[in-house]
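Source file: model.cif; contents: mmCIF, C-alpha atoms.
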data_query
loop_
_atom_site.label_atom_id
_atom_site.label_comp_id
_atom_site.auth_asym_id
_atom_site.auth_seq_id
_atom_site.Cartn_x
_atom_site.Cartn_y
_atom_site.Cartn_z
CA MET R 153 42.52 159.90 -211.86
CA MET R 154 43.09 156.39 -213.30
CA SER R 155 44.14 155.08 -209.86
CA ARG R 156 40.68 155.82 -208.33
CA ILE R 157 38.74 153.40 -210.58
CA PRO R 158 39.53 150.22 -208.60
CA LEU R 159 38.56 152.00 -205.39
CA ILE R 160 35.20 153.03 -206.79
CA ALA R 161 34.59 149.52 -208.09
CA ALA R 162 35.33 148.08 -204.67
CA VAL R 163 32.92 150.43 -202.97
CA VAL R 164 30.15 149.64 -205.43
CA GLY R 165 30.77 145.91 -205.04
CA ALA R 166 30.62 146.13 -201.25
CA LEU R 167 27.33 147.95 -201.44
CA LEU R 168 25.91 145.28 -203.76
CA VAL R 169 27.02 142.48 -201.51
CA GLY R 170 25.59 144.24 -198.50
CA GLY R 171 22.29 144.62 -200.23
CA ALA R 172 22.20 140.99 -201.18
CA THR R 173 23.01 139.93 -197.68
CA THR R 174 20.28 142.09 -196.28
CA GLY R 175 17.88 140.42 -198.67
CA VAL R 176 18.74 136.94 -197.32
CA THR R 177 18.50 137.88 -193.69
CA HIS R 178 15.23 139.72 -193.92
CA ALA R 179 13.46 139.87 -190.62
CA SER R 180 10.66 137.42 -189.90
CA TRP R 181 8.70 136.51 -186.83
CA THR R 182 9.74 133.53 -184.76
CA GLY R 183 8.96 132.12 -181.34
CA GLN R 184 10.41 129.33 -179.22
CA ARG R 185 9.48 127.24 -176.23
CA HIS R 186 11.11 124.13 -174.84
CA LEU R 187 9.92 120.61 -174.51
CA GLN R 188 11.15 120.19 -170.98
CA ALA R 189 13.94 117.83 -170.07
CA HIS R 190 12.58 114.61 -168.60
CA GLN R 191 13.74 111.13 -167.70
CA VAL R 192 12.72 107.56 -167.01
CA SER R 193 14.46 104.92 -164.90
CA ALA R 194 14.17 101.18 -164.50
CA GLY R 195 13.68 99.21 -161.34
CA SER R 196 15.07 95.81 -160.45
CA MET R 197 13.82 92.38 -159.41
CA SER R 198 15.22 90.38 -156.53
CA PHE R 199 14.32 88.51 -153.35
CA THR R 200 15.93 87.03 -150.31
CA ALA R 201 15.34 83.70 -148.61
CA THR R 202 16.25 82.71 -145.10
CA SER R 203 18.01 79.42 -144.39
CA PRO R 204 15.67 76.62 -143.29
CA GLY R 205 16.56 74.65 -140.20
CA ALA R 206 17.81 71.09 -140.08
CA VAL R 207 15.37 68.18 -139.60
CA THR R 208 15.55 64.72 -138.07
CA VAL R 209 13.46 61.71 -139.12
CA ASP R 210 13.39 58.06 -138.20
CA LYS R 211 14.33 55.38 -140.63
CA VAL R 212 10.78 54.17 -140.93
CA SER R 213 7.90 54.75 -143.26
CA GLY R 214 5.68 57.57 -142.20
CA SER R 215 8.34 59.45 -140.26
CA THR R 216 8.19 63.10 -141.30
CA ALA R 217 9.64 66.42 -140.27
CA GLU R 218 8.97 70.00 -141.29
CA THR R 219 11.02 73.15 -141.62
CA SER R 220 10.45 76.48 -143.29
CA PHE R 221 12.08 79.52 -144.84
CA VAL R 222 10.92 83.09 -145.42
CA LEU R 223 10.86 84.87 -148.79
CA ASP R 224 11.19 88.65 -148.97
CA ASP R 225 10.57 90.46 -152.26
CA THR R 226 13.29 93.13 -152.43
CA SER R 227 12.41 94.38 -155.91
CA ALA R 228 11.75 97.94 -157.04
CA GLY R 229 9.35 98.95 -159.77
CA LYS R 230 5.87 100.47 -159.79
CA ASN R 231 4.26 97.71 -161.84
CA LEU R 232 6.51 94.81 -160.89
CA GLN R 233 4.91 91.47 -160.12
CA GLN R 234 7.21 88.62 -159.29
CA ARG R 235 6.49 84.89 -159.04
CA ILE R 236 8.96 83.16 -156.79
CA THR R 237 9.11 79.40 -157.29
CA ALA R 238 10.81 76.97 -154.92
CA THR R 239 11.61 73.53 -156.29
CA VAL R 240 13.06 70.52 -154.52
CA ALA R 241 16.23 69.84 -156.45
CA GLY R 242 17.65 66.98 -154.47
CA ALA R 243 17.22 64.73 -151.45
CA PRO R 244 19.13 61.86 -149.84
CA ALA R 245 18.32 58.29 -150.85
CA GLY R 246 15.11 57.08 -149.31
CA VAL R 247 14.06 60.60 -148.34
CA THR R 248 11.28 62.51 -150.05
CA ALA R 249 11.06 66.28 -149.76
CA THR R 250 8.18 68.51 -150.78
CA VAL R 251 7.49 72.21 -150.46
CA GLY R 252 4.35 74.29 -150.09
CA THR R 253 2.82 77.50 -148.89
CA SER R 254 1.55 75.48 -145.93
CA CYS R 255 2.73 72.24 -144.44
CA THR R 256 -0.61 70.62 -145.14
CA THR R 257 -0.29 71.01 -148.89
CA THR R 258 3.12 70.34 -150.34
CA ALA R 259 4.42 69.24 -153.71
CA ALA R 260 7.65 69.05 -155.68
CA SER R 261 7.49 72.82 -156.16
CA ALA R 262 5.52 75.77 -154.91
CA SER R 263 5.12 79.35 -156.07
CA VAL R 264 4.11 82.61 -154.50
CA ASP R 265 3.24 85.86 -156.29
CA THR R 266 4.72 88.97 -154.74
CA THR R 267 5.23 92.67 -155.29
CA PRO R 268 7.83 95.01 -153.81
CA THR R 269 5.29 95.95 -151.14
CA SER R 270 4.13 92.44 -150.32
CA LEU R 271 4.47 90.98 -146.87
CA ASP R 272 7.08 88.28 -146.44
CA GLN R 273 5.97 84.80 -147.44
CA THR R 274 6.79 81.60 -145.59
CA LEU R 275 7.25 78.28 -147.39
CA CYS R 276 7.17 74.92 -145.65
CA VAL R 277 9.49 72.06 -146.52
CA LYS R 278 8.27 68.64 -145.54
CA VAL R 279 10.70 65.72 -145.33
CA ALA R 280 9.43 62.14 -145.34
CA SER R 281 11.57 59.15 -144.47
CA SER R 282 11.46 55.48 -145.45
CA PRO R 283 13.04 52.23 -144.29
CA THR R 284 15.86 52.88 -146.76
CA ALA R 285 16.44 56.51 -145.87
CA VAL R 286 19.94 57.79 -145.29
CA SER R 287 21.10 61.06 -143.82
CA GLY R 288 22.09 63.86 -146.19
CA THR R 289 20.92 67.19 -147.53
CA VAL R 290 17.72 68.32 -149.17
CA THR R 291 18.36 71.03 -151.76
CA VAL R 292 15.74 73.61 -152.69
CA SER R 293 16.23 75.86 -155.71
CA ILE R 294 14.45 79.22 -155.62
CA ALA R 295 14.03 81.62 -158.54
CA GLY R 296 11.90 84.63 -159.41
CA ALA R 297 10.22 85.43 -162.72
CA GLN R 298 8.41 88.62 -163.59
CA GLN R 299 4.75 88.22 -164.42
CA PRO R 300 3.51 87.96 -167.08
CA THR R 301 6.87 88.25 -168.86
CA GLY R 302 10.16 90.03 -168.38
CA TRP R 303 12.94 89.81 -165.90
CA SER R 304 14.13 86.72 -164.05
CA THR R 305 16.41 86.35 -161.07
CA PRO R 306 19.46 84.18 -160.59
CA VAL R 307 18.67 80.85 -158.91
CA LEU R 308 19.11 80.82 -155.16
CA THR R 309 19.85 77.52 -153.40
CA ARG R 310 18.93 76.61 -149.86
CA THR R 311 19.96 73.33 -148.19
CA ILE R 312 18.32 71.43 -145.36
CA PRO R 313 20.45 68.98 -143.38
CA VAL R 314 18.52 65.75 -142.82
CA THR R 315 19.45 63.30 -140.08
CA VAL R 316 17.92 59.82 -140.30
CA ASN R 317 17.77 57.93 -137.06
CA ALA R 318 18.14 54.16 -137.37
CA ALA R 319 14.93 52.37 -136.49
CA ALA R 320 14.95 50.12 -133.38
CA VAL R 321 14.44 46.37 -133.78
CA PRO R 322 11.03 45.33 -132.47
CA ALA R 323 10.90 43.24 -129.36
CA VAL R 324 10.40 39.52 -129.73
CA PRO R 325 6.66 38.85 -129.65
CA PRO R 326 5.84 36.44 -126.81
CA LEU R 327 3.33 33.73 -127.66
CA LEU R 328 0.71 33.69 -124.97
CA GLY R 329 -0.49 30.15 -125.58
CA CYS R 330 -3.14 28.08 -127.24
CA LEU R 331 -6.86 28.49 -127.45
CA PRO R 332 -9.43 25.66 -127.18
CA ARG R 333 -9.77 23.39 -130.18
CA ASP R 334 -12.54 24.20 -132.61
CA GLY R 335 -13.32 21.09 -134.58
CA GLY R 336 -10.33 20.30 -136.72
CA ASN R 337 -8.74 23.66 -135.99
CA ILE R 338 -6.81 25.01 -133.12
CA SER R 339 -5.49 28.53 -132.54
CA PHE R 340 -2.61 30.14 -130.76
CA THR R 341 -2.17 33.80 -130.00
CA TRP R 342 0.13 36.61 -128.84
CA ALA R 343 -0.23 40.25 -127.79
CA PRO R 344 0.06 42.44 -130.91
CA GLU R 345 1.69 45.88 -130.83
CA THR R 346 0.46 48.81 -132.86
CA GLY R 347 2.47 49.42 -135.99
CA LEU R 348 4.05 45.97 -136.08
CA SER R 349 3.32 43.22 -138.53
CA TYR R 350 3.84 39.51 -137.88
CA THR R 351 5.11 36.65 -139.96
CA LEU R 352 4.41 32.97 -139.18
CA TYR R 353 7.18 30.40 -139.45
CA SER R 354 6.70 26.65 -139.22
CA ALA R 355 8.80 23.51 -138.97
CA SER R 356 7.57 19.92 -139.14
CA VAL R 357 10.59 17.87 -138.16
CA ASN R 358 11.49 19.04 -134.73
CA GLN R 359 11.62 22.14 -132.65
CA ASP R 360 15.07 23.07 -133.82
CA ALA R 361 14.61 22.36 -137.51
CA ASN R 362 14.67 25.08 -140.14
CA TYR R 363 11.60 27.23 -139.90
CA VAL R 364 9.96 28.25 -143.14
CA SER R 365 7.93 31.41 -143.58
CA ALA R 366 4.23 30.75 -143.84
CA GLY R 367 3.24 34.33 -144.56
CA ALA R 368 1.79 37.24 -142.66
CA VAL R 369 -0.53 36.48 -139.81
CA THR R 370 -2.50 38.25 -137.15
CA PRO R 371 -3.40 36.95 -133.69
CA PRO R 372 -5.09 34.68 -132.90
CA HIS R 373 -3.93 32.36 -135.70
CA SER R 374 -5.84 29.21 -136.48
CA VAL R 375 -4.26 26.11 -138.01
CA ALA R 376 -5.81 22.85 -139.25
CA PRO R 377 -3.21 20.11 -138.68
CA GLY R 378 -3.21 17.06 -140.86
CA GLN R 379 -3.64 13.47 -139.67
CA ASN R 380 -0.69 12.21 -137.64
CA THR R 381 1.40 15.36 -137.86
CA THR R 382 3.53 17.40 -135.53
CA THR R 383 4.17 21.02 -136.46
CA PHE R 384 6.09 23.72 -134.64
CA TYR R 385 5.12 27.38 -135.07
CA ARG R 386 6.92 30.63 -134.28
CA VAL R 387 6.33 34.28 -135.28
CA LYS R 388 8.50 37.32 -135.89
CA ALA R 389 7.51 40.99 -135.55
CA THR R 390 8.47 43.58 -138.17
CA ASN R 391 8.24 47.37 -137.66
CA PRO R 392 7.48 49.95 -140.38
CA ALA R 393 11.16 50.55 -140.87
CA GLY R 394 11.52 46.94 -141.91
CA ALA R 395 13.43 45.89 -138.83
CA THR R 396 12.49 42.37 -137.78
CA SER R 397 12.58 40.82 -134.34
CA GLY R 398 13.92 37.45 -133.44
CA PHE R 399 11.72 34.35 -133.20
CA SER R 400 9.07 34.16 -130.57
CA ASN R 401 8.82 31.14 -128.36
CA THR R 402 7.38 28.00 -129.98
CA VAL R 403 4.02 26.32 -130.17
CA ARG R 404 3.78 22.64 -130.95
CA VAL R 405 0.60 21.33 -132.60
CA LEU R 406 0.00 17.59 -132.68
CA ARG R 407 -2.73 15.50 -134.35
CA GLY R 408 -3.31 11.81 -134.32
CA ASN R 409 -6.02 9.96 -136.25
CA GLY R 410 -8.90 12.15 -135.26
CA ALA R 411 -9.62 15.73 -134.60
CA SER R 412 -10.09 14.97 -130.97
CA THR R 413 -6.43 14.17 -130.77
CA ILE R 414 -5.35 17.73 -131.68
CA THR R 415 -3.28 19.34 -129.01
CA CYS R 416 -1.46 22.67 -128.81
CA THR R 417 1.41 23.12 -126.40
CA LEU R 418 3.64 26.07 -125.63
CA VAL R 419 7.21 24.88 -125.69
CA SER R 420 10.58 26.48 -125.22
CA PRO R 421 12.20 28.72 -125.97
CA MET Z 225 2.54 220.46 -211.93
CA ASN Z 226 2.96 220.27 -215.60
CA LYS Z 227 0.81 218.34 -217.99
CA MET Z 228 3.15 215.41 -218.17
CA MET Z 229 3.13 215.00 -214.45
CA LYS Z 230 -0.63 215.22 -214.30
CA GLY Z 231 -1.00 212.66 -217.00
CA SER Z 232 1.25 210.16 -215.20
CA VAL Z 233 -0.66 210.49 -211.94
CA ALA Z 234 -3.93 209.96 -213.70
CA GLY Z 235 -2.62 206.88 -215.52
CA ALA Z 236 -1.28 205.35 -212.34
CA THR Z 237 -4.60 205.91 -210.63
CA GLY Z 238 -6.45 204.20 -213.43
CA VAL Z 239 -4.15 201.14 -213.36
CA ALA Z 240 -4.57 200.94 -209.61
CA LEU Z 241 -8.33 200.93 -209.92
CA LEU Z 242 -8.20 198.33 -212.60
CA MET Z 243 -6.03 196.11 -210.44
CA GLY Z 244 -8.33 196.45 -207.48
CA GLY Z 245 -11.20 195.22 -209.52
CA PHE Z 246 -9.34 191.96 -210.51
CA GLY Z 247 -8.81 190.78 -206.80
CA THR Z 248 -12.46 190.42 -205.96
CA TYR Z 249 -13.34 187.79 -208.63
CA ALA Z 250 -15.48 184.57 -207.30
CA LEU Z 251 -14.07 181.04 -208.51
CA TRP Z 252 -15.45 177.38 -208.37
CA THR Z 253 -13.83 174.99 -205.88
CA ASP Z 254 -14.47 171.48 -204.25
CA SER Z 255 -12.86 169.16 -201.63
CA GLU Z 256 -13.01 165.55 -200.16
CA ASP Z 257 -11.27 164.04 -197.14
CA LEU Z 258 -8.78 161.21 -197.34
CA ALA Z 259 -10.60 158.78 -195.03
CA GLU Z 260 -9.03 157.88 -191.75
CA ASN Z 261 -7.14 154.64 -192.18
CA HIS Z 262 -4.89 152.34 -190.22
CA VAL Z 263 -2.94 149.12 -190.44
CA GLN Z 264 -2.37 146.42 -187.81
CA SER Z 265 -0.06 143.53 -187.49
CA GLY Z 266 -0.83 139.88 -186.78
CA VAL Z 267 0.81 137.62 -184.24
CA LEU Z 268 2.98 134.53 -184.26
CA THR Z 269 3.40 133.09 -180.80
CA ILE Z 270 4.03 129.83 -179.02
CA ASP Z 271 3.38 129.09 -175.35
CA THR Z 272 3.52 125.96 -173.26
CA THR Z 273 2.63 124.43 -169.95
CA ALA Z 274 4.46 121.97 -167.75
CA GLY Z 275 4.61 118.40 -169.03
CA VAL Z 276 3.14 115.35 -167.28
CA TYR Z 277 4.02 111.65 -167.11
CA ASP Z 278 1.48 108.86 -167.52
CA ASP Z 279 1.53 105.13 -166.91
CA THR Z 280 -0.38 103.65 -169.84
CA ARG Z 281 -0.90 100.37 -167.99
CA THR Z 282 -3.50 101.98 -165.80
CA GLY Z 283 -6.68 103.80 -166.56
CA ALA Z 284 -5.70 106.70 -164.35
CA ALA Z 285 -4.37 109.94 -165.82
CA ASP Z 286 -0.94 111.36 -165.17
CA ASP Z 287 -0.15 108.62 -162.66
CA TRP Z 288 3.61 108.40 -163.14
CA THR Z 289 6.35 110.46 -161.62
CA ALA Z 290 9.94 110.98 -162.63
CA SER Z 291 11.04 108.92 -159.65
CA ASP Z 292 8.89 105.88 -160.46
CA LEU Z 293 10.78 102.87 -161.79
CA MET Z 294 9.98 101.02 -165.00
CA VAL Z 295 9.89 97.26 -165.48
CA PRO Z 296 9.61 95.23 -168.70
CA GLY Z 297 6.21 95.72 -170.25
CA ASP Z 298 5.88 99.30 -169.08
CA VAL Z 299 4.92 102.05 -171.54
CA ILE Z 300 5.39 105.50 -170.06
CA THR Z 301 4.51 108.76 -171.79
CA TYR Z 302 5.68 112.31 -171.21
CA THR Z 303 3.24 114.82 -172.66
CA GLN Z 304 3.61 118.58 -173.00
CA THR Z 305 1.11 120.91 -174.64
CA PHE Z 306 2.02 123.93 -176.77
CA THR Z 307 -0.39 126.62 -177.88
CA VAL Z 308 0.45 128.38 -181.12
CA ASN Z 309 -1.15 131.52 -182.56
CA GLY Z 310 -0.69 132.75 -186.10
CA THR Z 311 -2.56 135.65 -187.61
CA GLY Z 312 -1.70 137.99 -190.48
CA LYS Z 313 -3.07 137.88 -193.99
CA ASN Z 314 0.10 136.72 -195.67
CA LEU Z 315 1.45 134.65 -192.84
CA GLU Z 316 3.12 131.36 -193.66
CA GLY Z 317 5.81 129.40 -191.95
CA SER Z 318 6.69 126.29 -190.00
CA ILE Z 319 6.55 124.74 -186.55
CA VAL Z 320 9.34 122.32 -185.71
CA LEU Z 321 10.22 120.37 -182.60
CA ASP Z 322 13.93 119.62 -182.65
CA VAL Z 323 14.08 116.67 -180.28
CA GLU Z 324 17.38 116.07 -178.58
CA ASP Z 325 18.84 112.56 -178.56
CA VAL Z 326 18.04 110.40 -175.58
CA THR Z 327 20.95 109.71 -173.26
CA GLY Z 328 21.36 106.92 -170.74
CA ASP Z 329 22.36 103.31 -170.28
CA PHE Z 330 19.25 101.39 -171.35
CA SER Z 331 19.86 98.78 -174.02
CA THR Z 332 16.29 97.81 -174.91
CA LEU Z 333 14.34 101.00 -174.19
CA VAL Z 334 12.45 102.38 -177.18
CA ARG Z 335 11.67 106.11 -177.43
CA ASP Z 336 9.09 107.52 -179.81
CA VAL Z 337 8.16 111.18 -180.30
CA ASP Z 338 5.00 112.43 -181.93
CA VAL Z 339 3.25 115.78 -182.09
CA VAL Z 340 -0.47 116.07 -182.81
CA ALA Z 341 -2.33 119.26 -183.75
CA SER Z 342 -5.80 119.98 -182.49
CA GLY Z 343 -8.08 122.94 -181.96
CA SER Z 344 -9.76 125.36 -184.34
CA GLY Z 345 -6.60 126.16 -186.28
CA ALA Z 346 -5.45 122.57 -186.70
CA THR Z 347 -6.93 122.24 -190.17
CA ASP Z 348 -4.68 124.99 -191.45
CA VAL Z 349 -1.58 123.38 -190.01
CA THR Z 350 -0.15 120.61 -192.15
CA LYS Z 351 1.80 117.83 -190.49
CA ASP Z 352 4.92 117.08 -192.49
CA SER Z 353 6.53 114.64 -190.10
CA ALA Z 354 6.13 113.40 -186.55
CA THR Z 355 7.62 116.61 -185.21
CA SER Z 356 7.15 119.28 -187.90
CA PHE Z 357 4.30 121.27 -189.40
CA THR Z 358 3.90 123.98 -192.02
CA PHE Z 359 1.22 126.59 -192.54
CA ALA Z 360 0.49 128.60 -195.67
CA ASP Z 361 -2.21 130.76 -194.20
CA PRO Z 362 -3.00 132.37 -190.89
CA PHE Z 363 -4.41 129.59 -188.75
CA GLY Z 364 -5.61 131.37 -185.65
CA THR Z 365 -5.03 129.19 -182.64
CA ALA Z 366 -3.97 125.54 -182.52
CA THR Z 367 -2.85 123.19 -179.80
CA LEU Z 368 0.17 121.02 -180.44
CA THR Z 369 0.51 118.07 -178.09
CA ALA Z 370 4.00 116.58 -177.98
CA THR Z 371 4.11 113.03 -176.61
CA VAL Z 372 7.33 111.22 -175.88
CA THR Z 373 6.70 107.50 -175.37
CA TYR Z 374 9.17 105.24 -173.57
CA THR Z 375 8.66 101.49 -173.98
CA LEU Z 376 10.59 98.86 -172.08
CA PRO Z 377 9.61 95.71 -174.00
CA GLY Z 378 8.20 92.72 -172.20
CA THR Z 379 10.83 90.66 -173.97
CA THR Z 380 13.53 92.27 -171.87
CA GLY Z 381 14.59 89.28 -169.81
CA GLY Z 382 17.13 88.15 -167.27
CA VAL Z 383 18.53 91.13 -165.46
CA VAL Z 384 18.86 93.28 -168.58
CA ASP Z 385 18.37 97.03 -168.05
CA GLN Z 386 17.75 96.71 -164.33
CA GLY Z 387 18.65 99.99 -162.66
CA ALA Z 388 19.10 101.79 -165.98
CA SER Z 389 18.03 105.35 -166.67
CA ALA Z 390 17.43 107.56 -169.70
CA SER Z 391 16.98 111.29 -170.20
CA THR Z 392 15.83 113.54 -172.99
CA PRO Z 393 17.38 117.02 -172.66
CA ALA Z 394 15.27 120.10 -173.14
CA SER Z 395 14.35 120.39 -176.81
CA VAL Z 396 13.46 123.50 -178.78
CA PHE Z 397 10.01 123.87 -180.30
CA THR Z 398 10.14 126.73 -182.81
CA ILE Z 399 7.46 128.50 -184.79
CA SER Z 400 8.82 130.60 -187.63
CA GLN Z 401 7.51 132.86 -190.37
CA SER Z 402 8.92 132.11 -193.79
#

As structure tokens - that is how I would like this structure written.
Amino acid sequence: MMSRIPLIAAVVGALLVGGATTGVTHASWTGQRHLQAHQVSAGSMSFTATSPGAVTVDKVSGSTAETSFVLDDTSAGKNLQQRITATVAGAPAGVTATVGTSCTTTAASASVDTTPTSLDQTLCVKVASSPTAVSGTVTVSIAGAQQPTGWSTPVLTRTIPVTVNAAAVPAVPPLLGCLPRDGGNISFTWAPETGLSYTLYSASVNQDANYVSAGAVTPPHSVAPGQNTTTFYRVKATNPAGATSGFSNTVRVLRGNGASTITCTLVSP
Amino acid sequence: MNKMMKGSVAGATGVALLMGGFGTYALWTDSEDLAENHVQSGVLTIDTTAGVYDDTRTGAADDWTASDLMVPGDVITYTQTFTVNGTGKNLEGSIVLDVEDVTGDFSTLVRDVDVVASGSGATDVTKDSATSFTFADPFGTATLTATVTYTLPGTTGGVVDQGASASTPASVFTISQS
């Protein structure tokens, strides 16, 4: 009989524990639904640029050449707006390069605003030469920046080979001769060429003496010789590139004691 | 028949007559019905509809899709509506959205989750946190709008987070009696 007491105690304990457990896990209403799985993704920003062609200019002021390249926005993103800016980063000595959305309006840099669905954009590069220009390469740096803020692209570089042709030396301007005296003045003239400038040189000793520059002149040129003087005159032509011709032939202007003694003679060479 | 026998028969007859007279007595009585009665249970339910994306940069509604691509400055929302019903005199309990962690390879993306109660029962639903509510009384019907907001800051520069993606797994929204 004594050996049954622990068994009874165990059974009673189990029942108590079971009851307690049932109390904790009492049934209650509950319901569940799911917030659905969802996702977001990011786009990207990029562009491509074609290679502009080479240009050739003359080694003179005012000589220009144009080339172009095409920008293609290759970005992805519903709200992406990209500003692509091209900047002239380098040019050979004596060469000036500018860029623009058209060749009529260029500057040191130019920008275009694009979206992933934009049409391709063409930028013009204008190269201007000078008398000191040398051949070389124009470098254009191109980069994109998201508008108004955000991503930016790596810098893309495009180069434009520039060939500068040496300017030709102008032909020697031939003096045509003297014009009739006008009081104390007398003139001599030559046939001017468009784009050339002329410089007068004079010598008072003899025809072969050292000629000294007397400044820029235009034909016909009038001189007022002093009493009892003999002066020799020659001219040189200079083109926009700065190239200068040799001396023209020579004019000799004489004057005695009066204006009536003034004479103008075409002499050699 | 002797006298004793006759006497016994007469006695028995008298007792029988007496007993017959007792059974026909009239007594007072009364009755009332227990009225017809019934009990009914309340409800505790939650239902939902499909969620929608929206591009907050535009004035249009629900104009974003899961395949659209974000860029810095974008704020995209995913909104899903839940309708909860709770009736029953002694009903009390909680409503909890257990949002799963976002997964993906963004480094600057910010995710924010908020649930807003509206509708006739909203006043009986107390907001304890951005994603949990309690109720101490039957509240009828309320609408709980869960909005998950994804922000790619405009300060995200260079090529950071380009081509990245992020996902929020399905998350349980539970309404429970307590």

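Residues selected in this file by the PyMOL selection byres ((chain Z) within 6 of (chain R)) comprise Thr269, Ile270, Leu293, Met294, Val295, Pro296, Gly378, Thr379, Thr380, Gly381, Gly382, Val383, Gln386, Gly387, Ala388, Ser389, Ala390, Ser391, Thr392, Pro393, Ala394, Ser395, Val396, Phe397, Thr398, Ile399, Ser400 and Gln401 of chain Z.
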
Legend entry - Counting only C-alpha atoms, the residue of R:Val292, R:Ala376, R:Leu308, R:Val314 that sits nearest Gly336 in chain R: R:Ala376

Legend entry - Gap from CA of Asp361 in chain Z to CA of Val267 in chain Z - Å, one decimal: 12.5 Å

Inset, instruction - Rounded to one decimal place, report the CA of Ala354 in chain Z-CA of Thr282 in chain Z distance in Å. - result: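 CA of Thr282 in chain Z lies 25.6 Å from CA of Ala354 in chain Z.
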
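Separating CA of Tyr302 in chain Z from CA of Ser227 in chain R is a distance of 24.5 Å.
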
Legend entry - Using only C-alpha atoms: which of R:Thr341, R:Ser282, R:Thr396, R:Ser203 has the shortest distance to Val321 in chain R: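 Distance minimum relative to Val321 in chain R lands on R:Thr396.
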
Run through the PyMOL selection byres ((chain Z and resi 351) around 12) on the given coordinates and return the selected residues as a CSV table (one decimal) with C-alpha atoms, in the frame of the given file.
chain,number,residue,atom,x,y,z
Z,318,SER,CA,6.7,126.3,-190.0
Z,319,ILE,CA,6.6,124.7,-186.6
Z,320,VAL,CA,9.3,122.3,-185.7
Z,321,LEU,CA,10.2,120.4,-182.6
Z,338,ASP,CA,5.0,112.4,-181.9
Z,339,VAL,CA,3.2,115.8,-182.1
Z,340,VAL,CA,-0.5,116.1,-182.8
Z,341,ALA,CA,-2.3,119.3,-183.8
Z,342,SER,CA,-5.8,120.0,-182.5
Z,346,ALA,CA,-5.4,122.6,-186.7
Z,347,THR,CA,-6.9,122.2,-190.2
Z,348,ASP,CA,-4.7,125.0,-191.4
Z,349,VAL,CA,-1.6,123.4,-190.0
Z,350,THR,CA,-0.2,120.6,-192.2
Z,352,ASP,CA,4.9,117.1,-192.5
Z,353,SER,CA,6.5,114.6,-190.1
Z,354,ALA,CA,6.1,113.4,-186.6
Z,355,THR,CA,7.6,116.6,-185.2
Z,356,SER,CA,7.2,119.3,-187.9
Z,357,PHE,CA,4.3,121.3,-189.4
Z,358,THR,CA,3.9,124.0,-192.0
Z,359,PHE,CA,1.2,126.6,-192.5
Z,368,LEU,CA,0.2,121.0,-180.4

Legend entry - Pick from Z:Val384, Z:Leu251, Z:Leu376, Z:Leu333, whichever lies nearest to Asp298 in chain Z using all atoms listed in the file: Z:Leu376

Inset, instruction - Tell me which residues the PyMOL selection byres ((chain Z and resi 373) around 10) grabs here, as a ChimeraX atom specification. - result: /Z:277-278,280,299-303,334-338,370-372,374-375

Selected residues written out with C-alpha atoms, as a JSON list (two decimals), in the coordinates of the input:
[["chain", "number", "residue", "atom", "x", "y", "z"],
["Z", 277, "TYR", "CA", 4.02, 111.65, -167.11],
["Z", 278, "ASP", "CA", 1.48, 108.86, -167.52],
["Z", 280, "THR", "CA", -0.38, 103.65, -169.84],
["Z", 299, "VAL", "CA", 4.92, 102.05, -171.54],
["Z", 300, "ILE", "CA", 5.39, 105.50, -170.06],
["Z", 301, "THR", "CA", 4.51, 108.76, -171.79],
["Z", 302, "TYR", "CA", 5.68, 112.31, -171.21],
["Z", 303, "THR", "CA", 3.24, 114.82, -172.66],
["Z", 334, "VAL", "CA", 12.45, 102.38, -177.18],
["Z", 335, "ARG", "CA", 11.67, 106.11, -177.43],
["Z", 336, "ASP", "CA", 9.09, 107.52, -179.81],
["Z", 337, "VAL", "CA", 8.16, 111.18, -180.30],
["Z", 338, "ASP", "CA", 5.00, 112.43, -181.93],
["Z", 370, "ALA", "CA", 4.00, 116.58, -177.98],
["Z", 371, "THR", "CA", 4.11, 113.03, -176.61],
["Z", 372, "VAL", "CA", 7.33, 111.22, -175.88],
["Z", 374, "TYR", "CA", 9.17, 105.24, -173.57],
["Z", 375, "THR", "CA", 8.66, 101.49, -173.98]]
